[in-house]
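Enquirer: Coordinates in data.cif, mmCIF, C-alpha atoms, are listed below.
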```cif
data_entry
#
loop_
_atom_site.label_atom_id
_atom_site.label_comp_id
_atom_site.auth_asym_id
_atom_site.auth_seq_id
_atom_site.Cartn_x
_atom_site.Cartn_y
_atom_site.Cartn_z
CA MET G 169 138.41 84.29 109.15
CA THR G 170 137.35 84.81 105.56
CA ARG G 171 137.25 88.38 104.26
CA HIS G 172 133.69 88.88 103.00
CA GLU G 173 133.46 91.85 100.65
CA HIS G 174 130.16 93.61 100.07
CA HIS G 175 129.72 96.04 97.18
CA LYS G 176 127.71 99.21 96.83
CA ILE G 177 126.51 100.25 93.39
CA ARG G 178 125.16 103.70 92.59
CA HIS G 179 122.56 104.09 89.85
CA SER G 180 121.44 107.04 87.80
CA VAL G 181 117.96 107.86 89.07
CA VAL G 182 115.32 107.79 86.35
CA LEU G 183 111.67 108.76 86.83
CA ARG G 184 109.39 106.52 84.78
CA MET G 185 105.66 106.30 84.16
CA ILE G 186 104.45 102.72 84.44
CA GLU G 187 101.12 100.99 83.80
CA VAL G 188 99.28 98.36 85.82
CA LEU G 189 99.03 95.18 83.73
CA ARG G 190 97.47 92.78 86.23
CA THR G 191 96.85 92.32 89.95
CA THR G 192 96.64 89.23 92.15
CA ARG G 193 95.85 88.85 95.86
CA ILE G 194 98.46 86.22 96.71
CA THR G 195 97.58 86.13 100.44
CA PRO G 196 94.99 87.97 102.56
CA HIS G 197 97.49 90.75 103.30
CA MET G 198 99.59 90.82 100.11
CA GLN G 199 98.61 92.23 96.72
CA ARG G 200 100.91 91.51 93.77
CA ILE G 201 100.88 94.04 90.95
CA VAL G 202 102.67 93.57 87.63
CA PHE G 203 103.60 96.76 85.80
CA GLY G 204 104.66 97.43 82.23
CA GLY G 205 105.19 100.35 79.89
CA ALA G 206 107.74 101.55 77.37
CA GLU G 207 109.56 103.67 79.97
CA LEU G 208 110.46 100.54 81.97
CA HIS G 209 113.04 99.52 79.36
CA GLY G 210 116.50 99.74 80.89
CA PHE G 211 115.25 99.34 84.47
CA LEU G 212 117.98 97.91 86.69
CA SER G 213 117.86 96.49 90.21
CA ALA G 214 121.06 94.75 91.28
CA ALA G 215 120.20 93.55 94.81
CA PRO G 216 117.19 91.76 96.34
CA ASP G 217 116.57 94.47 98.94
CA ASP G 218 116.73 97.43 96.56
CA HIS G 219 114.07 100.09 96.96
CA VAL G 220 112.27 102.14 94.37
CA LYS G 221 110.05 105.11 95.13
CA LEU G 222 106.49 104.89 93.85
CA PHE G 223 104.57 108.10 93.18
CA LEU G 224 100.80 107.69 93.47
CA PRO G 225 97.79 109.82 92.49
CA ASN G 226 97.08 112.63 94.97
CA THR G 227 93.72 113.11 96.71
CA GLN G 228 92.34 114.63 93.50
CA GLY G 229 93.43 111.58 91.52
CA GLU G 230 96.19 113.51 89.75
CA MET G 231 99.84 112.64 89.26
CA VAL G 232 101.89 115.60 90.47
CA LEU G 233 105.57 114.67 90.13
CA PRO G 234 108.75 116.42 91.26
CA LYS G 235 111.31 117.95 88.96
CA MET G 236 114.97 118.38 89.73
CA GLY G 237 115.77 121.87 90.97
CA PRO G 238 118.88 123.52 92.43
CA ASN G 239 118.05 122.00 95.84
CA GLY G 240 117.05 118.57 94.58
CA PRO G 241 113.56 117.29 93.69
CA GLU G 242 110.93 120.04 93.85
CA PHE G 243 107.13 119.78 93.54
CA PRO G 244 104.97 122.45 91.86
CA VAL G 245 103.76 125.11 94.29
CA GLY G 246 100.07 125.27 95.19
CA VAL G 247 99.22 121.72 94.09
CA ALA G 248 98.95 118.63 96.30
CA PRO G 249 101.97 116.46 95.44
CA SER G 250 101.73 112.79 94.62
CA PRO G 251 102.40 110.77 97.79
CA ALA G 252 105.57 108.71 97.52
CA ARG G 253 106.44 105.41 99.20
CA ASP G 254 109.39 103.00 99.01
CA TYR G 255 108.95 99.44 97.75
CA THR G 256 111.08 96.45 96.83
CA PRO G 257 111.18 95.34 93.18
CA ARG G 258 110.05 91.72 93.60
CA ASN G 259 111.09 90.83 90.07
CA TYR G 260 111.93 92.51 86.79
CA ASP G 261 111.89 90.50 83.57
CA PRO G 262 113.75 92.38 80.82
CA GLN G 263 112.41 90.00 78.17
CA SER G 264 108.76 90.79 78.85
CA ASN G 265 109.60 94.23 80.29
CA GLU G 266 107.44 93.52 83.34
CA LEU G 267 108.09 94.70 86.89
CA THR G 268 106.46 92.89 89.83
CA ILE G 269 105.90 94.64 93.16
CA ASP G 270 104.17 93.14 96.20
CA PHE G 271 102.14 95.45 98.46
CA VAL G 272 101.21 94.69 102.07
CA ILE G 273 97.50 95.45 102.52
CA HIS G 274 97.05 96.91 105.99
CA GLY G 275 93.90 99.03 105.72
CA ASP G 276 95.42 102.49 105.71
CA GLY G 277 98.11 104.53 104.01
CA PRO G 278 98.05 105.82 100.43
CA ALA G 279 100.04 102.95 98.93
CA SER G 280 98.06 100.16 100.58
CA THR G 281 94.76 101.81 99.71
CA TRP G 282 95.79 102.40 96.11
CA ALA G 283 97.17 98.88 95.62
CA GLU G 284 94.03 97.23 96.98
CA ARG G 285 91.89 99.03 94.39
CA ALA G 286 94.34 99.19 91.46
CA LYS G 287 93.01 98.16 88.05
CA PRO G 288 94.78 97.33 84.77
CA GLY G 289 95.39 100.44 82.71
CA GLU G 290 96.08 102.75 85.66
CA HIS G 291 99.38 104.64 85.69
CA ILE G 292 101.77 105.65 88.46
CA ALA G 293 105.40 106.77 88.45
CA ILE G 294 108.53 105.05 89.72
CA GLY G 295 111.94 106.44 90.57
CA GLY G 296 115.15 104.59 91.31
CA PRO G 297 116.62 102.52 92.72
CA ARG G 298 119.30 105.01 93.78
CA GLY G 299 121.72 102.25 94.62
CA SER G 300 122.24 98.60 95.46
CA PHE G 301 123.98 96.87 98.37
CA VAL G 302 125.32 93.60 96.99
CA THR G 303 126.05 91.17 99.83
CA ALA G 304 129.18 89.02 99.67
CA ASP G 305 128.34 85.60 98.26
CA ASP G 306 130.95 83.60 100.20
CA PHE G 307 129.34 83.28 103.66
CA ASP G 308 128.77 79.75 104.96
CA HIS G 309 125.21 80.59 105.95
CA TYR G 310 122.64 83.36 105.49
CA VAL G 311 119.85 84.16 107.94
CA LEU G 312 116.93 86.27 106.66
CA ILE G 313 114.72 87.78 109.37
CA GLY G 314 111.64 89.89 108.74
CA ASP G 315 107.94 90.56 109.09
CA GLU G 316 105.45 90.63 106.21
CA THR G 317 106.93 93.86 104.83
CA ALA G 318 110.20 92.00 104.28
CA LEU G 319 108.68 89.09 102.35
CA PRO G 320 109.22 90.64 98.88
CA ALA G 321 112.94 91.04 99.56
CA ILE G 322 113.19 87.62 101.23
CA GLY G 323 111.37 85.94 98.35
CA ARG G 324 113.57 87.62 95.78
CA ARG G 325 116.75 86.76 97.68
CA LEU G 326 115.70 83.10 97.73
CA ASP G 327 114.85 83.23 94.03
CA GLU G 328 118.29 84.58 93.17
CA ALA G 329 120.35 82.38 95.52
CA HIS G 330 122.71 79.89 93.94
CA ALA G 331 122.70 76.15 94.44
CA GLY G 332 124.81 75.17 97.42
CA THR G 333 123.97 78.31 99.41
CA ARG G 334 122.57 77.62 102.89
CA MET G 335 119.80 79.92 104.08
CA THR G 336 117.53 80.13 107.12
CA VAL G 337 114.40 82.30 107.09
CA LEU G 338 112.48 83.60 110.11
CA ALA G 339 109.29 85.17 108.77
CA GLU G 340 106.66 86.82 110.95
CA ILE G 341 103.17 87.17 109.42
CA PRO G 342 99.69 88.15 110.63
CA LYS G 343 98.21 84.65 110.38
CA LYS G 344 98.73 81.23 108.81
CA ALA G 345 96.87 82.18 105.63
CA ASP G 346 99.61 84.74 104.93
CA ARG G 347 102.23 82.09 104.30
CA GLN G 348 103.62 82.37 100.77
CA PRO G 349 105.07 79.62 98.59
CA LEU G 350 108.82 80.24 98.51
CA GLY G 351 111.34 78.45 96.36
CA SER G 352 115.06 78.50 95.69
CA GLN G 353 117.99 76.59 94.26
CA ALA G 354 119.59 77.12 97.66
CA ASP G 355 119.34 74.76 100.61
CA PHE G 356 116.86 76.71 102.73
CA HIS G 357 114.46 76.36 105.64
CA VAL G 358 111.60 78.72 106.56
CA THR G 359 110.12 79.13 110.04
CA TRP G 360 106.75 80.90 109.89
CA LEU G 361 105.82 82.90 112.99
CA GLU G 362 102.13 83.85 113.14
CA ARG G 363 100.96 86.73 115.33
CA ASP G 364 97.30 85.58 115.28
CA GLY G 365 95.85 88.93 116.30
CA LEU G 366 98.83 90.30 118.19
CA ALA G 367 99.89 93.74 116.96
CA ALA G 368 103.19 93.79 115.08
CA THR G 369 104.43 96.53 117.43
CA GLU G 370 103.83 94.27 120.44
CA SER G 371 105.20 91.06 118.99
CA ARG G 372 108.55 89.54 119.95
CA LEU G 373 108.19 86.42 117.84
CA LEU G 374 111.17 87.27 115.65
CA GLU G 375 113.33 88.23 118.62
CA GLN G 376 112.51 85.02 120.48
CA ALA G 377 113.13 82.86 117.41
CA LEU G 378 116.46 84.58 116.82
CA GLU G 379 117.55 84.02 120.42
CA LYS G 380 116.75 80.30 120.09
CA LEU G 381 118.39 79.95 116.69
CA SER G 382 121.29 77.51 116.55
CA LEU G 383 123.47 77.41 113.46
CA PRO G 384 126.32 75.18 112.31
CA ALA G 385 129.89 76.40 112.58
CA GLY G 386 131.06 78.91 109.99
CA ASP G 387 130.51 82.52 109.00
CA THR G 388 126.89 83.68 108.97
CA PHE G 389 125.42 86.84 107.45
CA TYR G 390 122.24 88.21 109.05
CA TRP G 391 119.72 90.26 107.07
CA ILE G 392 116.94 91.89 109.13
CA ALA G 393 113.97 94.02 108.05
CA ALA G 394 111.04 94.89 110.29
CA GLU G 395 109.65 97.77 112.35
CA SER G 396 112.52 100.19 113.03
CA ARG G 397 112.92 99.65 116.76
CA ARG G 398 112.64 95.88 116.44
CA ALA G 399 115.23 95.74 113.65
CA ARG G 400 117.59 97.88 115.71
CA SER G 401 117.06 95.69 118.79
CA MET G 402 117.85 92.49 116.88
CA ARG G 403 120.97 94.02 115.37
CA GLN G 404 122.14 95.06 118.84
CA TYR G 405 121.43 91.58 120.22
CA LEU G 406 123.56 89.95 117.52
CA ALA G 407 126.42 92.38 118.03
CA ASP G 408 126.38 92.49 121.84
CA LYS G 409 125.24 89.01 122.84
CA ARG G 410 126.56 86.88 119.99
CA GLY G 411 129.56 88.94 118.98
CA VAL G 412 128.62 89.05 115.31
CA PRO G 413 130.84 91.52 113.39
CA LYS G 414 128.88 94.60 112.28
CA ASP G 415 129.71 93.94 108.62
CA TRP G 416 127.96 90.60 108.92
CA ILE G 417 124.65 92.26 109.81
CA ARG G 418 122.36 94.35 107.61
CA ALA G 419 119.36 95.59 109.61
CA THR G 420 116.79 98.01 108.18
CA GLY G 421 113.65 99.56 109.57
CA TYR G 422 111.04 99.05 106.87
CA TRP G 423 108.41 100.97 108.83
CA GLN G 424 107.94 102.90 112.06
CA ALA G 425 105.44 102.27 114.82
CA ASN G 426 104.83 106.00 115.31
CA GLY G 427 105.13 108.86 112.88
CA ASP G 428 105.26 109.02 109.12
CA ASP G 429 107.64 106.79 107.26
CA ASP G 430 108.17 106.60 103.53
CA GLU G 431 109.07 102.92 103.67
CA ASP G 432 105.47 101.73 103.49
CA GLU G 433 105.76 98.19 102.18
#
```
Please rewrite the model in this file as structure tokens.

Expert:
Amino acid sequence: MTRHEHHKIRHSVVLRMIEVLRTTRITPHMQRIVFGGAELHGFLSAAPDDHVKLFLPNTQGEMVLPKMGPNGPEFPVGVAPSPARDYTPRNYDPQSNELTIDFVIHGDGPASTWAERAKPGEHIAIGGPRGSFVTADDFDHYVLIGDETALPAIGRRLDEAHAGTRMTVLAEIPKKADRQPLGSQADFHVTWLERDGLAATESRLLEQALEKLSLPAGDTFYWIAAESRRARSMRQYLADKRGVPKDWIRATGYWQANGDDDEDE
């Protein structure tokens, strides 16, 4: 068995003000926003599933940002803080100094609401990423599993994959119109799973597709991102039913069915 070594990288957290340059609705439920600004220079994201924290205008339309105190980040007292949500850097181009972030539009939540209405010239703040998990690049096969919130990370991972890499994608989306054009130098195949009106919390499309998935011999790394309980269930299935080593699975809850969650992609 090959020893596959992952690497964790810690970054110095920098809080930056960034400006909306342009927006595009790439599918009915996905808004792409390209940001710029002088403070973006030096931005670094080393892994496709990195997360940055976006700080948005509060209910009064003001940016109220934290400052580092003795107990960590602290907001001013008596003022509504800027809501903060975690997002994946879809792409950063150091030459043009432009950062692309894709937002799932789901009708509620401060980030979705802001992104749907965002106009060029508006400013928000960005912090991070705090760190990067760099997956070993010597697996025989990679399986990427996720709902629409995972598409930015999946798309970026495909973009950055090297020729000769073999990748399988299981992508659950609201409907057929939410399919995105994906490309890669890798040898990859995408299976689109459309809920067609079924709530994401009630769906088992990803779970069923995973259970039916047959792969060639060799070492396979599984990357999973979806609603927290579903991601946990799929990780447990791989470990218990298929005997996949835990270091060959990276499963993350990108959102929660109940309660507040700051991973609001």

Enquirer: I would like the residues chosen by the PyMOL selection byres ((chain G and resi 270) around 10) on the shown file; could you give them as a list in words?

Expert: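 Matching residues under the PyMOL selection byres ((chain G and resi 270) around 10) are Thr191, Thr192, Arg193, Ile194, Met198, Gln199, Arg200, Ile201, Val202, Tyr255, Thr256, Pro257, Arg258, Asn259, Thr268, Ile269, Phe271, Val272, Ile273, Ala283, Thr317, Leu319, Pro320, Ala321 and Glu433 of chain G.
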
Enquirer: May I ask for the distance between CA of Ala385 (chain G) and CA of Val302 (chain G), given in Å to one decimal place?

Expert: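 For CA of Ala385 (chain G) relative to CA of Val302 (chain G), the distance reads 23.7 Å.
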
Enquirer: Let me make sure I understand: among G:Glu395, G:Asp218, G:Glu266, G:Glu230, which one has the smallest atom-to-atom distance to Pro251 (chain G) if we use all atoms listed in the file?

Expert: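 Of the candidates, the smallest distance to Pro251 (chain G) is held by G:Glu230.
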
Enquirer: If you measure from CA of Arg403 (chain G) to CA of Thr420 (chain G), what distance in Å do you get, rounded to one decimal?

Expert: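 Computed distance, CA of Arg403 (chain G) to CA of Thr420 (chain G), equals 9.2 Å.
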
Enquirer: What is the distance, in Å and to one decimal place, between CA of Ile417 (chain G) and CA of Tyr390 (chain G)?

Expert: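 Separation between CA of Ile417 (chain G) and CA of Tyr390 (chain G): 4.8 Å.
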
Enquirer: List the residues matched by the PyMOL selection byres ((chain G and resi 231) around 12) in the displayed structure as number ranges by chain, ordered by chain and then by residue number.

Expert: G: 185-186, 222-230, 232-234, 243-244, 247-252, 290-294

Enquirer: Using the chain letters and residue numbers of this document, give as JSON, numbers by chain the residues selected by the PyMOL selection byres ((chain G and resi 211) around 10).

Expert: {"G": [182, 184, 207, 208, 209, 210, 212, 213, 260, 261, 262, 265, 266, 267, 295, 296, 297]}

Enquirer: Hey, what's within 12 Å of Ser401 (chain G) if we count all atoms listed in the file and toss same-chain stuff fewer than 2 positions away? As a list in words, please?

Expert: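 Residues near the query, excluding close chain neighbours: Arg372, Leu374, Glu375, Gln376, Leu378, Glu379, Ile392, Ala393, Ala394, Glu395, Ser396, Arg397, Arg398, Ala399, Arg403, Gln404, Tyr405, Leu406, Ala407, Asp408, Lys409, Ala419, Thr420 and Gly421 of chain G.
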
Enquirer: Output C-alpha atoms of each residue in that selection to a file, as a PDB file, in the coordinates of the input.

Expert:
```pdb
ATOM      1  CA  ARG G 372     108.550  89.540 119.950  1.00  0.00           C
ATOM      2  CA  LEU G 374     111.170  87.270 115.650  1.00  0.00           C
ATOM      3  CA  GLU G 375     113.330  88.230 118.620  1.00  0.00           C
ATOM      4  CA  GLN G 376     112.510  85.020 120.480  1.00  0.00           C
ATOM      5  CA  LEU G 378     116.460  84.580 116.820  1.00  0.00           C
ATOM      6  CA  GLU G 379     117.550  84.020 120.420  1.00  0.00           C
ATOM      7  CA  ILE G 392     116.940  91.890 109.130  1.00  0.00           C
ATOM      8  CA  ALA G 393     113.970  94.020 108.050  1.00  0.00           C
ATOM      9  CA  ALA G 394     111.040  94.890 110.290  1.00  0.00           C
ATOM     10  CA  GLU G 395     109.650  97.770 112.350  1.00  0.00           C
ATOM     11  CA  SER G 396     112.520 100.190 113.030  1.00  0.00           C
ATOM     12  CA  ARG G 397     112.920  99.650 116.760  1.00  0.00           C
ATOM     13  CA  ARG G 398     112.640  95.880 116.440  1.00  0.00           C
ATOM     14  CA  ALA G 399     115.230  95.740 113.650  1.00  0.00           C
ATOM     15  CA  ARG G 403     120.970  94.020 115.370  1.00  0.00           C
ATOM     16  CA  GLN G 404     122.140  95.060 118.840  1.00  0.00           C
ATOM     17  CA  TYR G 405     121.430  91.580 120.220  1.00  0.00           C
ATOM     18  CA  LEU G 406     123.560  89.950 117.520  1.00  0.00           C
ATOM     19  CA  ALA G 407     126.420  92.380 118.030  1.00  0.00           C
ATOM     20  CA  ASP G 408     126.380  92.490 121.840  1.00  0.00           C
ATOM     21  CA  LYS G 409     125.240  89.010 122.840  1.00  0.00           C
ATOM     22  CA  ALA G 419     119.360  95.590 109.610  1.00  0.00           C
ATOM     23  CA  THR G 420     116.790  98.010 108.180  1.00  0.00           C
ATOM     24  CA  GLY G 421     113.650  99.560 109.570  1.00  0.00           C
TER      25      GLY G 421
END
```

Enquirer: Of the candidates G:Gly411, G:Gly246, G:Gly289, G:Gly386, which shows the shortest atom-to-atom distance to Asp306 (chain G), using only C-alpha atoms?

Expert: G:Gly386

Enquirer: So that I can check the surroundings of Lys344 (chain G), please list as a CSV table (one decimal) with C-alpha atoms, in the coordinates of the input every protein, DNA and RNA residue that reaches within 9 Å of it, counting all atoms listed in the file and ignoring chain neighbours fewer than 6 positions away.

Expert:
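Heads up, here's the output in selection-v4.csv:
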```csv
chain,number,residue,atom,x,y,z
G,360,TRP,CA,106.8,80.9,109.9
G,361,LEU,CA,105.8,82.9,113.0
G,362,GLU,CA,102.1,83.8,113.1
G,363,ARG,CA,101.0,86.7,115.3
G,364,ASP,CA,97.3,85.6,115.3
```

Enquirer: For His174 (chain G), which residue among G:Ser264, G:Asn239, G:Ser280, G:Thr303 is the nearest when counting all atoms listed in the file?

Expert: G:Thr303

Enquirer: Just checking: using all atoms listed in the file, which residue out of G:Ile313, G:Ile322, G:Ile177, G:Ala368 ends up closest to Ala425 (chain G)?

Expert: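 Closest residue, counting all atoms listed in the file: G:Ala368.
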
Enquirer: Using only C-alpha atoms, pick whichever of G:Phe301, G:Ser180, G:Leu189, G:Lys287 has the shortest atom-to-atom distance to Ala214 (chain G).

Expert: G:Phe301

Enquirer: Pick out the closest residue to Met335 (chain G) from this set: G:Pro288, G:Pro384, G:Gly365, G:Gly237. Count all atoms listed in the file.

Expert: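 Result for the nearest residue to Met335 (chain G): G:Pro384.
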
Enquirer: As lines of an AutoDock Vina configuration file, please: the centre and edge lengths in Å, to one decimal, of an axis-aligned box enclosing every listed atom of region 353-358 of chain G with 5 Å added on each side.

Expert:
```
center_x = 115.6
center_y = 76.7
center_z = 100.4
size_x = 18.0
size_y = 14.0
size_z = 22.3
```

Enquirer: Around the point (117.9, 104.4, 94.7), in the coordinates given by the file, pick out the residues reaching within 7 Å, counting all atoms listed in the file, and return them as a PDB file with C-alpha atoms, keeping the file's coordinate frame.

Expert:
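The resulting file, part_39.pdb, is reproduced below:
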```
ATOM      1  CA  HIS G 179     122.560 104.090  89.850  1.00  0.00           C
ATOM      2  CA  VAL G 181     117.960 107.860  89.070  1.00  0.00           C
ATOM      3  CA  HIS G 219     114.070 100.090  96.960  1.00  0.00           C
ATOM      4  CA  VAL G 220     112.270 102.140  94.370  1.00  0.00           C
ATOM      5  CA  GLY G 296     115.150 104.590  91.310  1.00  0.00           C
ATOM      6  CA  PRO G 297     116.620 102.520  92.720  1.00  0.00           C
ATOM      7  CA  ARG G 298     119.300 105.010  93.780  1.00  0.00           C
ATOM      8  CA  GLY G 299     121.720 102.250  94.620  1.00  0.00           C
TER       9      GLY G 299
END
```

Enquirer: Find the residues near Arg171 (chain G): any atom within 12 Å, counting all atoms listed in the file, skip ones fewer than 3 places away on the same chain, and give them as a list in words.

Expert: His174, Ala304, Asp305, Asp306, Phe307, Asp387, Pro413, Asp415 and Trp416 of chain G
